Amino acid sequence: MRRYELTVIFPVEEDQHTAGRQQLLNDLAANGVEIEKTDETGDRDLAYEIKKRKRGKYVLLTVKSDPSKIAILDRVFKLNANLLKYLFVRMEE
């Protein structure tokens with residue numbers, strides 16, 4: 001299992017943020033991903049508009065996962081309408 005940093009941007013509306021976060025956690029658990037640390041960095045202005053939005057809520061997660069699961073999660077996250085953007089970055093050991 002490798003360690004990854006997962007950065008996620010949610011809409012600032014509370015109901016969409018809550019629904020998106022819950023769906024994200026369910027998807028991670030369903031694929032056997034272990035969450036080590038969660039850091040909510042709060043609302044920020046986006047560098048450019050994403051889905052007609054200028055602000056987003058940032059969340060940084062440190063996770064452990066099998067590399068094959070990352071490709072599956074990439075496809076699953078694209079279907080989550082409450083995620084503006086996400087990025088997996090592999091951490092060095």
# chains A, B, ... in the order shown; residues from 1 in each chain; ligands from 1
>>> residues_around(residues="A:Lys85", least_positions_apart="2", cutoff="10 Å", atoms="only C-alpha atoms", output="ChimeraX atom specification")
/A:7-11,50-51,56,58,77-78,82-83,87
>>> write_last_selection(atoms="C-alpha atoms", output="short mmCIF file (atom, residue, chain, number, x, y, z; two decimals), in the first residue's frame")
data_model
loop_
_atom_site.label_atom_id
_atom_site.label_comp_id
_atom_site.auth_asym_id
_atom_site.auth_seq_id
_atom_site.Cartn_x
_atom_site.Cartn_y
_atom_site.Cartn_z
CA THR A 7 -6.68 17.34 -2.42
CA VAL A 8 -10.39 17.92 -3.00
CA ILE A 9 -12.30 21.13 -3.78
CA PHE A 10 -15.99 21.17 -2.84
CA PRO A 11 -18.61 23.88 -3.53
CA ILE A 50 -14.66 25.79 -12.17
CA LYS A 51 -18.24 24.85 -13.06
CA GLY A 56 -14.39 26.46 -3.10
CA TYR A 58 -10.49 22.78 0.19
CA PHE A 77 -14.92 10.77 -8.47
CA LYS A 78 -15.73 12.04 -11.96
CA ASN A 82 -20.48 17.70 -5.65
CA LEU A 83 -16.73 17.62 -6.32
CA LEU A 87 -5.91 15.48 -7.27
#
>>> select_by_dssp(residues="chain A", states="strand (DSSP E or B)", output="PyMOL selection string")
chain A and resi 2-10+34-50+53-65+85-90
>>> write_last_selection(atoms="C-alpha atoms", output="JSON list (two decimals), in the first residue's frame")
[["chain", "number", "residue", "atom", "x", "y", "z"],
["A", 2, "ARG", "CA", 1.26, 3.44, -0.93],
["A", 3, "ARG", "CA", 0.62, 6.80, 0.68],
["A", 4, "TYR", "CA", -1.08, 9.56, -1.29],
["A", 5, "GLU", "CA", -2.18, 13.11, -0.66],
["A", 6, "LEU", "CA", -5.69, 13.71, -1.96],
["A", 7, "THR", "CA", -6.68, 17.34, -2.42],
["A", 8, "VAL", "CA", -10.39, 17.92, -3.00],
["A", 9, "ILE", "CA", -12.30, 21.13, -3.78],
["A", 10, "PHE", "CA", -15.99, 21.17, -2.84],
["A", 34, "GLU", "CA", -7.34, 3.94, 4.69],
["A", 35, "ILE", "CA", -7.58, 7.62, 5.69],
["A", 36, "GLU", "CA", -4.64, 8.64, 7.88],
["A", 37, "LYS", "CA", -5.24, 12.37, 8.24],
["A", 38, "THR", "CA", -7.83, 14.97, 7.21],
["A", 39, "ASP", "CA", -7.13, 18.70, 7.07],
["A", 40, "GLU", "CA", -9.91, 21.17, 6.20],
["A", 41, "THR", "CA", -8.18, 24.27, 4.87],
["A", 42, "GLY", "CA", -11.41, 26.24, 4.43],
["A", 43, "ASP", "CA", -12.90, 28.49, 1.77],
["A", 44, "ARG", "CA", -10.61, 30.05, -0.81],
["A", 45, "ASP", "CA", -10.84, 31.89, -4.09],
["A", 46, "LEU", "CA", -10.17, 29.64, -7.06],
["A", 47, "ALA", "CA", -7.45, 30.56, -9.55],
["A", 48, "TYR", "CA", -10.00, 30.19, -12.35],
["A", 49, "GLU", "CA", -13.70, 29.43, -12.57],
["A", 50, "ILE", "CA", -14.66, 25.79, -12.17],
["A", 53, "ARG", "CA", -17.87, 28.94, -9.33],
["A", 54, "LYS", "CA", -15.22, 31.33, -8.07],
["A", 55, "ARG", "CA", -14.81, 29.95, -4.52],
["A", 56, "GLY", "CA", -14.39, 26.46, -3.10],
["A", 57, "LYS", "CA", -13.82, 24.55, 0.14],
["A", 58, "TYR", "CA", -10.49, 22.78, 0.19],
["A", 59, "VAL", "CA", -9.86, 19.50, 2.00],
["A", 60, "LEU", "CA", -6.50, 17.73, 2.14],
["A", 61, "LEU", "CA", -6.48, 14.02, 3.00],
["A", 62, "THR", "CA", -3.52, 11.71, 3.56],
["A", 63, "VAL", "CA", -4.54, 8.19, 2.52],
["A", 64, "LYS", "CA", -3.06, 4.72, 2.07],
["A", 65, "SER", "CA", -4.21, 2.78, -0.96],
["A", 85, "LYS", "CA", -11.76, 19.17, -8.54],
["A", 86, "TYR", "CA", -9.54, 16.51, -6.97],
["A", 87, "LEU", "CA", -5.91, 15.48, -7.27],
["A", 88, "PHE", "CA", -4.01, 12.41, -6.08],
["A", 89, "VAL", "CA", -0.28, 12.92, -5.42],
["A", 90, "ARG", "CA", 1.93, 10.00, -4.43]]
>>> closest_residue(among="A:Pro67, A:Ile72, A:Met1, A:Glu13", to="A:Ala30", atoms="only C-alpha atoms")
A:Ile72
>>> select_by_dssp(residues="chain A", states="alpha helix (DSSP H)", output="MDAnalysis selection string")
chainID A and resid 14:30 67:78
>>> atom_distance(atom1="atom CA of A:Glu92", atom2="atom CA of A:Ser68")
17.4 Å
>>> decode(residues="stretch 19-88 of chain A", atoms="C-alpha atoms", output="compact mmCIF listing (two decimals), in the first residue's frame")
# COMPACT_ATOMS: atom_id res chain seq x y z
CA ALA A 19 -23.21 15.58 0.43
CA GLY A 20 -19.96 15.60 -1.56
CA ARG A 21 -17.83 14.87 1.48
CA GLN A 22 -20.06 11.98 2.57
CA GLN A 23 -20.01 10.49 -0.94
CA LEU A 24 -16.21 10.87 -1.06
CA LEU A 25 -15.78 9.06 2.27
CA ASN A 26 -18.16 6.29 1.16
CA ASP A 27 -16.24 5.83 -2.11
CA LEU A 28 -12.91 5.68 -0.29
CA ALA A 29 -14.22 3.12 2.22
CA ALA A 30 -15.82 0.99 -0.50
CA ASN A 31 -12.44 0.72 -2.25
CA GLY A 32 -10.48 -0.17 0.88
CA VAL A 33 -8.64 3.14 1.21
CA GLU A 34 -7.34 3.94 4.69
CA ILE A 35 -7.58 7.62 5.69
CA GLU A 36 -4.64 8.64 7.88
CA LYS A 37 -5.24 12.37 8.24
CA THR A 38 -7.83 14.97 7.21
CA ASP A 39 -7.13 18.70 7.07
CA GLU A 40 -9.91 21.17 6.20
CA THR A 41 -8.18 24.27 4.87
CA GLY A 42 -11.41 26.24 4.43
CA ASP A 43 -12.90 28.49 1.77
CA ARG A 44 -10.61 30.05 -0.81
CA ASP A 45 -10.84 31.89 -4.09
CA LEU A 46 -10.17 29.64 -7.06
CA ALA A 47 -7.45 30.56 -9.55
CA TYR A 48 -10.00 30.19 -12.35
CA GLU A 49 -13.70 29.43 -12.57
CA ILE A 50 -14.66 25.79 -12.17
CA LYS A 51 -18.24 24.85 -13.06
CA LYS A 52 -19.20 28.57 -12.89
CA ARG A 53 -17.87 28.94 -9.33
CA LYS A 54 -15.22 31.33 -8.07
CA ARG A 55 -14.81 29.95 -4.52
CA GLY A 56 -14.39 26.46 -3.10
CA LYS A 57 -13.82 24.55 0.14
CA TYR A 58 -10.49 22.78 0.19
CA VAL A 59 -9.86 19.50 2.00
CA LEU A 60 -6.50 17.73 2.14
CA LEU A 61 -6.48 14.02 3.00
CA THR A 62 -3.52 11.71 3.56
CA VAL A 63 -4.54 8.19 2.52
CA LYS A 64 -3.06 4.72 2.07
CA SER A 65 -4.21 2.78 -0.96
CA ASP A 66 -3.33 0.07 -3.40
CA PRO A 67 -2.13 1.77 -6.63
CA SER A 68 -4.71 -0.13 -8.68
CA LYS A 69 -7.53 1.47 -6.66
CA ILE A 70 -6.47 5.01 -7.64
CA ALA A 71 -7.59 4.50 -11.25
CA ILE A 72 -10.93 3.15 -10.03
CA LEU A 73 -11.40 6.10 -7.67
CA ASP A 74 -10.54 8.50 -10.49
CA ARG A 75 -13.50 7.18 -12.50
CA VAL A 76 -15.81 7.18 -9.47
CA PHE A 77 -14.92 10.77 -8.47
CA LYS A 78 -15.73 12.04 -11.96
CA LEU A 79 -19.34 10.96 -11.37
CA ASN A 80 -19.65 12.88 -8.09
CA ALA A 81 -21.37 16.17 -9.03
CA ASN A 82 -20.48 17.70 -5.65
CA LEU A 83 -16.73 17.62 -6.32
CA LEU A 84 -15.31 20.57 -8.23
CA LYS A 85 -11.76 19.17 -8.54
CA TYR A 86 -9.54 16.51 -6.97
CA LEU A 87 -5.91 15.48 -7.27
CA PHE A 88 -4.01 12.41 -6.08
